[in-house]
>>> print(open('entry_37.txt').read())   # compact mmCIF, C-alpha atoms and all ligand atoms
# COMPACT_ATOMS: atom_id res chain seq x y z
CA MET A 1 -18.61 35.06 116.94
CA VAL A 2 -21.26 34.02 119.45
CA ALA A 3 -24.00 31.55 118.54
CA ILE A 4 -26.99 30.28 120.49
CA ILE A 5 -28.32 26.90 119.37
CA THR A 6 -31.61 25.80 120.87
CA GLY A 7 -31.85 22.02 121.04
CA GLY A 8 -28.12 21.88 120.36
CA SER A 9 -27.64 18.85 122.59
CA ARG A 10 -28.83 16.06 120.28
CA GLY A 11 -29.59 15.26 116.65
CA ILE A 12 -29.51 18.08 114.10
CA GLY A 13 -28.74 20.68 116.77
CA LEU A 14 -25.75 18.69 118.02
CA GLY A 15 -24.44 18.48 114.45
CA ILE A 16 -24.72 22.27 114.23
CA THR A 17 -23.02 22.70 117.62
CA GLU A 18 -20.07 20.52 116.61
CA THR A 19 -19.64 22.15 113.20
CA LEU A 20 -19.73 25.69 114.57
CA LEU A 21 -17.33 24.80 117.41
CA GLN A 22 -14.87 23.36 114.88
CA ASN A 23 -15.14 26.65 113.00
CA GLY A 24 -14.24 28.83 115.96
CA PHE A 25 -17.64 29.99 117.21
CA ASN A 26 -18.41 30.48 120.89
CA ILE A 27 -21.54 28.45 121.55
CA ILE A 28 -24.39 28.52 124.02
CA VAL A 29 -26.54 25.39 123.84
CA ALA A 30 -30.02 25.59 125.33
CA SER A 31 -32.13 22.49 125.85
CA ARG A 32 -33.99 20.76 128.67
CA ASN A 33 -31.32 18.11 129.32
CA LYS A 34 -27.54 18.12 129.06
CA SER A 35 -26.57 15.17 126.87
CA GLU A 36 -23.41 13.10 127.38
CA LYS A 37 -22.08 14.47 124.12
CA ILE A 38 -22.44 18.03 125.43
CA GLU A 39 -20.55 17.02 128.61
CA GLU A 40 -17.75 15.74 126.37
CA LEU A 41 -17.69 18.92 124.26
CA ILE A 42 -17.49 21.04 127.41
CA GLN A 43 -14.44 18.98 128.46
CA SER A 44 -12.84 19.40 125.02
CA TYR A 45 -13.68 23.10 124.51
CA PRO A 46 -14.06 24.52 128.07
CA ASP A 47 -13.73 28.16 126.95
CA LYS A 48 -15.93 27.86 123.89
CA ILE A 49 -19.20 26.21 124.94
CA ASP A 50 -21.79 26.73 127.67
CA PHE A 51 -24.91 24.74 128.37
CA ILE A 52 -28.07 26.37 129.73
CA ALA A 53 -30.87 24.09 130.90
CA ALA A 54 -33.90 25.73 129.31
CA ASP A 55 -37.31 24.66 128.11
CA ILE A 56 -38.12 27.12 125.32
CA SER A 57 -41.84 26.88 126.07
CA LYS A 58 -41.22 28.50 129.49
CA SER A 59 -40.76 32.26 129.57
CA GLU A 60 -38.69 32.13 132.78
CA ASP A 61 -36.20 29.79 131.04
CA ILE A 62 -35.97 32.15 128.06
CA GLU A 63 -35.20 34.95 130.54
CA THR A 64 -32.42 32.82 132.08
CA LEU A 65 -30.90 32.17 128.64
CA THR A 66 -31.09 35.85 127.71
CA ALA A 67 -29.60 37.04 131.02
CA PHE A 68 -26.73 34.52 130.82
CA THR A 69 -25.88 35.53 127.24
CA GLU A 70 -26.06 39.24 127.99
CA LYS A 71 -23.78 38.89 131.02
CA LYS A 72 -21.22 36.66 129.32
CA TYR A 73 -21.06 38.17 125.83
CA GLY A 74 -23.33 41.23 125.67
CA LYS A 75 -24.37 40.28 122.10
CA ILE A 76 -25.21 37.41 119.73
CA ASP A 77 -24.04 36.96 116.14
CA LEU A 78 -26.13 33.90 115.31
CA LEU A 79 -29.32 32.43 116.71
CA VAL A 80 -30.24 28.94 115.53
CA ASN A 81 -33.85 28.14 116.40
CA ASN A 82 -33.63 24.37 116.17
CA ALA A 83 -35.34 22.97 119.29
CA GLY A 84 -38.48 21.08 118.45
CA VAL A 85 -40.58 18.06 119.25
CA ALA A 86 -42.72 15.63 117.31
CA PRO A 87 -46.11 14.62 118.73
CA LYS A 88 -45.75 12.14 121.63
CA ILE A 89 -48.05 9.81 119.70
CA ARG A 90 -48.98 10.20 116.05
CA LYS A 91 -52.77 10.61 115.89
CA ASP A 92 -55.19 11.44 113.10
CA ILE A 93 -56.26 15.10 112.98
CA LEU A 94 -59.80 13.92 113.79
CA GLU A 95 -58.52 12.48 117.09
CA ILE A 96 -55.96 14.95 118.50
CA THR A 97 -56.84 16.80 121.70
CA PRO A 98 -56.13 20.41 122.68
CA ASP A 99 -53.39 19.08 125.01
CA ASP A 100 -51.74 17.20 122.13
CA PHE A 101 -51.86 20.39 120.07
CA ASP A 102 -50.52 22.60 122.86
CA PHE A 103 -47.59 20.27 123.61
CA VAL A 104 -46.20 20.68 120.09
CA ALA A 105 -47.29 24.27 119.44
CA ASP A 106 -45.98 25.60 122.79
CA ILE A 107 -42.46 24.36 122.02
CA ASN A 108 -42.10 24.52 118.24
CA LEU A 109 -44.12 27.63 117.52
CA LYS A 110 -44.56 29.78 120.61
CA GLY A 111 -41.12 28.82 121.96
CA THR A 112 -39.38 29.74 118.71
CA PHE A 113 -41.26 33.04 118.49
CA PHE A 114 -40.50 34.20 122.03
CA VAL A 115 -36.88 33.02 122.07
CA THR A 116 -36.38 35.17 118.96
CA GLN A 117 -38.29 38.15 120.33
CA LYS A 118 -36.39 38.15 123.64
CA LEU A 119 -32.97 37.83 122.00
CA VAL A 120 -33.48 40.59 119.44
CA PRO A 121 -31.93 43.30 121.68
CA LEU A 122 -28.69 41.28 121.82
CA MET A 123 -28.67 40.86 118.05
CA ILE A 124 -29.24 44.43 117.01
CA LYS A 125 -26.08 45.50 118.87
CA ASN A 126 -24.04 44.14 115.94
CA GLU A 127 -23.70 45.56 112.49
CA HIS A 128 -24.88 42.20 111.13
CA SER A 129 -26.48 39.26 112.95
CA ARG A 130 -28.16 36.20 111.56
CA ILE A 131 -31.09 34.01 112.56
CA VAL A 132 -31.55 30.50 111.21
CA ASN A 133 -34.93 28.86 111.76
CA ILE A 134 -35.04 25.10 111.39
CA SER A 135 -38.52 24.38 110.10
CA SER A 136 -39.23 21.23 108.05
CA MET A 137 -40.57 19.89 104.79
CA SER A 138 -43.67 19.52 107.00
CA ALA A 139 -44.10 23.30 106.66
CA TYR A 140 -45.75 22.58 103.28
CA THR A 141 -46.37 18.80 103.32
CA ALA A 142 -49.62 17.58 104.89
CA SER A 143 -49.26 14.56 107.17
CA VAL A 144 -52.72 13.94 108.61
CA ASN A 145 -51.34 11.78 111.42
CA ARG A 146 -49.27 14.64 112.90
CA GLY A 147 -51.14 17.74 111.86
CA GLU A 148 -50.15 19.77 114.90
CA TYR A 149 -46.49 19.31 113.95
CA CYS A 150 -47.14 20.44 110.36
CA ILE A 151 -49.04 23.50 111.61
CA SER A 152 -46.19 24.38 113.97
CA LYS A 153 -43.66 24.17 111.14
CA ALA A 154 -45.82 26.19 108.75
CA GLY A 155 -45.96 28.77 111.54
CA ILE A 156 -42.17 28.87 111.71
CA SER A 157 -42.18 29.82 108.02
CA MET A 158 -44.28 32.87 108.93
CA ILE A 159 -42.01 33.62 111.90
CA THR A 160 -39.18 33.70 109.34
CA LYS A 161 -41.01 36.19 107.12
CA LEU A 162 -42.10 38.36 110.05
CA PHE A 163 -38.68 38.73 111.63
CA ALA A 164 -37.00 39.07 108.22
CA SER A 165 -39.30 42.04 107.53
CA ARG A 166 -39.01 43.57 110.97
CA LEU A 167 -35.27 43.23 111.55
CA ALA A 168 -33.74 44.05 108.16
CA GLU A 169 -33.32 47.69 109.18
CA TYR A 170 -31.11 46.49 112.05
CA GLY A 171 -28.89 44.36 109.80
CA VAL A 172 -30.37 41.07 111.01
CA SER A 173 -31.05 38.52 108.29
CA VAL A 174 -33.35 35.55 108.80
CA ILE A 175 -32.98 32.30 106.88
CA GLU A 176 -35.22 29.24 107.11
CA ILE A 177 -33.78 25.78 106.57
CA ARG A 178 -36.28 23.02 105.78
CA PRO A 179 -34.75 19.65 106.56
CA GLY A 180 -36.10 16.58 104.82
CA ILE A 181 -35.84 13.14 106.41
CA ILE A 182 -32.87 13.29 108.77
CA GLU A 183 -31.54 10.40 110.85
CA THR A 184 -31.96 11.43 114.51
CA ASP A 185 -33.82 10.36 117.67
CA MET A 186 -36.89 12.11 116.25
CA THR A 187 -37.11 9.78 113.25
CA ALA A 188 -35.77 6.61 114.99
CA LYS A 189 -39.25 5.17 115.63
CA VAL A 190 -40.24 5.52 111.96
CA LYS A 191 -36.88 4.76 110.38
CA GLU A 192 -38.07 1.53 108.74
CA LYS A 193 -40.94 3.36 107.04
CA TYR A 194 -38.66 6.15 105.83
CA ASP A 195 -36.00 3.70 104.61
CA ARG A 196 -38.67 1.97 102.54
CA LEU A 197 -40.04 5.25 101.12
CA ILE A 198 -36.53 6.40 100.21
CA SER A 199 -35.66 3.12 98.51
CA GLU A 200 -38.93 3.48 96.54
CA GLY A 201 -37.78 6.91 95.35
CA ILE A 202 -39.58 9.50 97.51
CA THR A 203 -36.40 11.62 97.29
CA PRO A 204 -34.14 11.90 94.23
CA ILE A 205 -31.11 11.50 96.50
CA LYS A 206 -31.62 8.03 97.93
CA ARG A 207 -30.41 8.33 101.51
CA MET A 208 -31.55 9.76 104.82
CA GLY A 209 -30.01 13.11 105.61
CA GLN A 210 -27.52 13.43 108.44
CA PRO A 211 -27.25 16.26 111.00
CA GLU A 212 -24.03 17.38 109.24
CA ASP A 213 -25.99 18.02 106.04
CA ILE A 214 -28.02 20.66 107.86
CA ALA A 215 -24.99 21.90 109.81
CA LYS A 216 -23.14 22.69 106.56
CA CYS A 217 -26.02 24.94 105.45
CA VAL A 218 -26.06 26.68 108.83
CA LEU A 219 -22.28 27.23 108.68
CA SER A 220 -22.60 28.80 105.26
CA VAL A 221 -25.22 31.24 106.57
CA ALA A 222 -23.14 31.87 109.69
CA ASN A 223 -20.10 32.72 107.56
CA GLY A 224 -22.06 35.44 105.78
CA ASN A 225 -22.50 33.71 102.43
CA PHE A 226 -26.21 34.59 102.37
CA ASP A 227 -26.01 38.17 103.55
CA PHE A 228 -28.10 39.64 100.72
CA CYS A 229 -30.81 37.08 101.47
CA THR A 230 -33.51 37.38 104.09
CA GLY A 231 -36.75 35.48 104.51
CA THR A 232 -35.10 32.92 102.24
CA VAL A 233 -35.84 29.19 102.42
CA ILE A 234 -33.16 26.52 101.94
CA ASP A 235 -34.60 23.06 101.25
CA CYS A 236 -32.00 20.63 102.61
CA ASP A 237 -34.00 17.52 101.83
CA GLY A 238 -32.37 15.27 99.22
CA GLY A 239 -34.63 16.84 96.62
CA PHE A 240 -37.93 15.94 98.35
CA SER A 241 -39.37 19.33 97.41
CA VAL A 242 -38.96 18.78 93.66
CA ARG A 243 -42.31 18.04 91.96
CA ARG A 244 -41.80 15.13 89.63
CA LEU A 245 -43.90 13.37 87.04
N1 LIG B 301 -35.17 14.60 112.04
C1 LIG B 301 -35.88 15.03 111.00
O1 LIG B 301 -36.13 14.27 110.05
C2 LIG B 301 -36.36 16.44 110.92
C3 LIG B 301 -36.93 16.85 109.72
C4 LIG B 301 -37.39 18.16 109.59
C5 LIG B 301 -37.25 19.03 110.65
N2 LIG B 301 -36.69 18.61 111.82
C6 LIG B 301 -36.60 19.59 112.89
O2 LIG B 301 -35.24 19.73 113.29
C7 LIG B 301 -35.17 20.10 114.67
C8 LIG B 301 -34.28 19.11 115.39
O3 LIG B 301 -34.83 17.81 115.24
P1 LIG B 301 -34.03 16.47 115.56
O4 LIG B 301 -34.45 15.50 114.55
O5 LIG B 301 -32.60 16.77 115.77
O6 LIG B 301 -34.75 16.07 116.93
P2 LIG B 301 -34.16 15.40 118.25
O7 LIG B 301 -33.06 14.46 117.91
O8 LIG B 301 -35.35 14.88 118.97
O9 LIG B 301 -33.53 16.64 119.05
C9 LIG B 301 -34.37 17.68 119.47
C10 LIG B 301 -33.56 18.70 120.25
O10 LIG B 301 -34.45 19.73 120.72
C11 LIG B 301 -34.36 19.82 122.14
N3 LIG B 301 -35.66 20.20 122.69
C12 LIG B 301 -36.85 19.54 122.57
N4 LIG B 301 -37.81 20.21 123.25
C13 LIG B 301 -37.22 21.29 123.80
C14 LIG B 301 -37.69 22.35 124.63
N5 LIG B 301 -38.96 22.38 125.04
N6 LIG B 301 -36.82 23.30 125.01
C15 LIG B 301 -35.54 23.26 124.62
N7 LIG B 301 -35.03 22.28 123.86
C16 LIG B 301 -35.86 21.30 123.46
C17 LIG B 301 -33.91 18.42 122.58
O11 LIG B 301 -33.29 18.43 123.87
P3 LIG B 301 -34.10 18.10 125.23
O12 LIG B 301 -35.03 16.96 124.90
O13 LIG B 301 -33.06 17.78 126.23
O14 LIG B 301 -34.81 19.37 125.56
C18 LIG B 301 -32.91 18.09 121.50
O15 LIG B 301 -31.68 18.73 121.75
C19 LIG B 301 -36.60 20.07 115.18
O16 LIG B 301 -37.12 21.38 115.18
C20 LIG B 301 -37.32 19.21 114.16
O17 LIG B 301 -38.70 19.52 114.10
C21 LIG B 301 -36.24 17.34 111.98
>>> encode(input="entry_37.txt", output="structure tokens")
Amino acid sequence: MVAIITGGSRGIGLGITETLLQNGFNIIVASRNKSEKIEELIQSYPDKIDFIAADISKSEDIETLTAFTEKKYGKIDLLVNNAGVAPKIRKDILEITPDDFDFVADINLKGTFFVTQKLVPLMIKNEHSRIVNISSMSAYTASVNRGEYCISKAGISMITKLFASRLAEYGVSVIEIRPGIIETDMTAKVKEKYDRLISEGITPIKRMGQPEDIAKCVLSVANGNFDFCTGTVIDCDGGFSVRRL
């Protein structure tokens, strides 16, 4: 089984990379930089993992990723659209500039869309392939100090529905995972705030999520446990999405 994991070099993506490797998948990780951890995994699993330096907001890099995968494997069983960025600086929606907006939207939204579009021909060669989109609880939760991020994640929810509708006839299912507050580089700067909110009860399960929590959901999809589901959302968020009174 061949899996591509965008942003598989750090954080949630790295957790997914490690879990799928341990479960026998051949992995292609695509991100801008090769992390030390990826170097180590390449040493440990030389025949099972490749790293492609690719910025998903650049169409030439998506071409490189597609060409490499086609040449090496000729197909993909699983695409995990995980690469994403937070705003460089959190700003109020009344202050953000078009450049701030483009930085996040070009990677999270446009990048995810075109990676998927370009890899479709390698997915429809199989009887059954799967796409997992990592969106966020921000897909439906308004944070006015990072609106461009929320918009990008809400857009990924529509990408999920669009490709689920378009690709079902080819046996490709599309699942969206919405992580809650997960302990990674992305949340490091605001960890104190999140620790406080969690201790005050913002989530029924009182801990930050870990990359492995998301990786376990991805593995379950990858193993075919959700094959009669498409366009489906999995909230992996410690219960954040539950309305409570
Ligand atoms: N942490 C959370 O609480 C949380 C919650 C909800 C959703 N999410 C989502 O989960 C995903 C992973 O987040 P994370 O917390 O693991 O973040 P992270 O620790 O910052 O890791 C982000 C990953 O994406 C890669 N990446 C960033 N921009 C890229 C680009 N232009 N092209 C290719 N790869 C790129 C990074 O590698 P390079 O920098 O080397 O490119 C890195 O591997 C993101 O989509 C994020 O929005 C996270």
>>> closest_residue(input="entry_37.txt", among="A:Val85, A:Ile93, A:Ile42, A:Ile156", to="ligand LIG 301 (chain B)", atoms="all atoms listed in the file")
A:Val85
>>> closest_residue(input="entry_37.txt", among="A:Met123, A:Val233, A:Ile96, A:Val190", to="A:Ser157", atoms="only C-alpha atoms")
A:Val233
>>> residues_around(input="entry_37.txt", residues="A:Val104", least_positions_apart="4", cutoff="12 Å", atoms="all atoms listed in the file", output="PDB file with C-alpha atoms, in the frame of the given file")
ATOM      1  CA  ILE A  56     -38.120  27.120 125.320  1.00  0.00           C
ATOM      2  CA  SER A  57     -41.840  26.880 126.070  1.00  0.00           C
ATOM      3  CA  ALA A  83     -35.340  22.970 119.290  1.00  0.00           C
ATOM      4  CA  GLY A  84     -38.480  21.080 118.450  1.00  0.00           C
ATOM      5  CA  VAL A  85     -40.580  18.060 119.250  1.00  0.00           C
ATOM      6  CA  ALA A  86     -42.720  15.630 117.310  1.00  0.00           C
ATOM      7  CA  PRO A  87     -46.110  14.620 118.730  1.00  0.00           C
ATOM      8  CA  LYS A  88     -45.750  12.140 121.630  1.00  0.00           C
ATOM      9  CA  ILE A  89     -48.050   9.810 119.700  1.00  0.00           C
ATOM     10  CA  ARG A  90     -48.980  10.200 116.050  1.00  0.00           C
ATOM     11  CA  ILE A  96     -55.960  14.950 118.500  1.00  0.00           C
ATOM     12  CA  THR A  97     -56.840  16.800 121.700  1.00  0.00           C
ATOM     13  CA  PRO A  98     -56.130  20.410 122.680  1.00  0.00           C
ATOM     14  CA  ASP A  99     -53.390  19.080 125.010  1.00  0.00           C
ATOM     15  CA  ASP A 100     -51.740  17.200 122.130  1.00  0.00           C
ATOM     16  CA  ASN A 108     -42.100  24.520 118.240  1.00  0.00           C
ATOM     17  CA  LEU A 109     -44.120  27.630 117.520  1.00  0.00           C
ATOM     18  CA  LYS A 110     -44.560  29.780 120.610  1.00  0.00           C
ATOM     19  CA  GLY A 111     -41.120  28.820 121.960  1.00  0.00           C
ATOM     20  CA  THR A 112     -39.380  29.740 118.710  1.00  0.00           C
ATOM     21  CA  ARG A 146     -49.270  14.640 112.900  1.00  0.00           C
ATOM     22  CA  GLY A 147     -51.140  17.740 111.860  1.00  0.00           C
ATOM     23  CA  GLU A 148     -50.150  19.770 114.900  1.00  0.00           C
ATOM     24  CA  TYR A 149     -46.490  19.310 113.950  1.00  0.00           C
ATOM     25  CA  CYS A 150     -47.140  20.440 110.360  1.00  0.00           C
ATOM     26  CA  ILE A 151     -49.040  23.500 111.610  1.00  0.00           C
ATOM     27  CA  SER A 152     -46.190  24.380 113.970  1.00  0.00           C
ATOM     28  CA  LYS A 153     -43.660  24.170 111.140  1.00  0.00           C
ATOM     29  CA  GLY A 155     -45.960  28.770 111.540  1.00  0.00           C
TER      30      GLY A 155
END
>>> closest_residue(input="entry_37.txt", among="A:Ala215, A:Val242, A:Met137, A:Ala168", to="A:Asp227", atoms="only C-alpha atoms")
A:Ala168
>>> closest_residue(input="entry_37.txt", among="A:Ile234, A:Glu169, A:Gln43, A:Met208", to="A:Ala188", atoms="only C-alpha atoms")
A:Met208
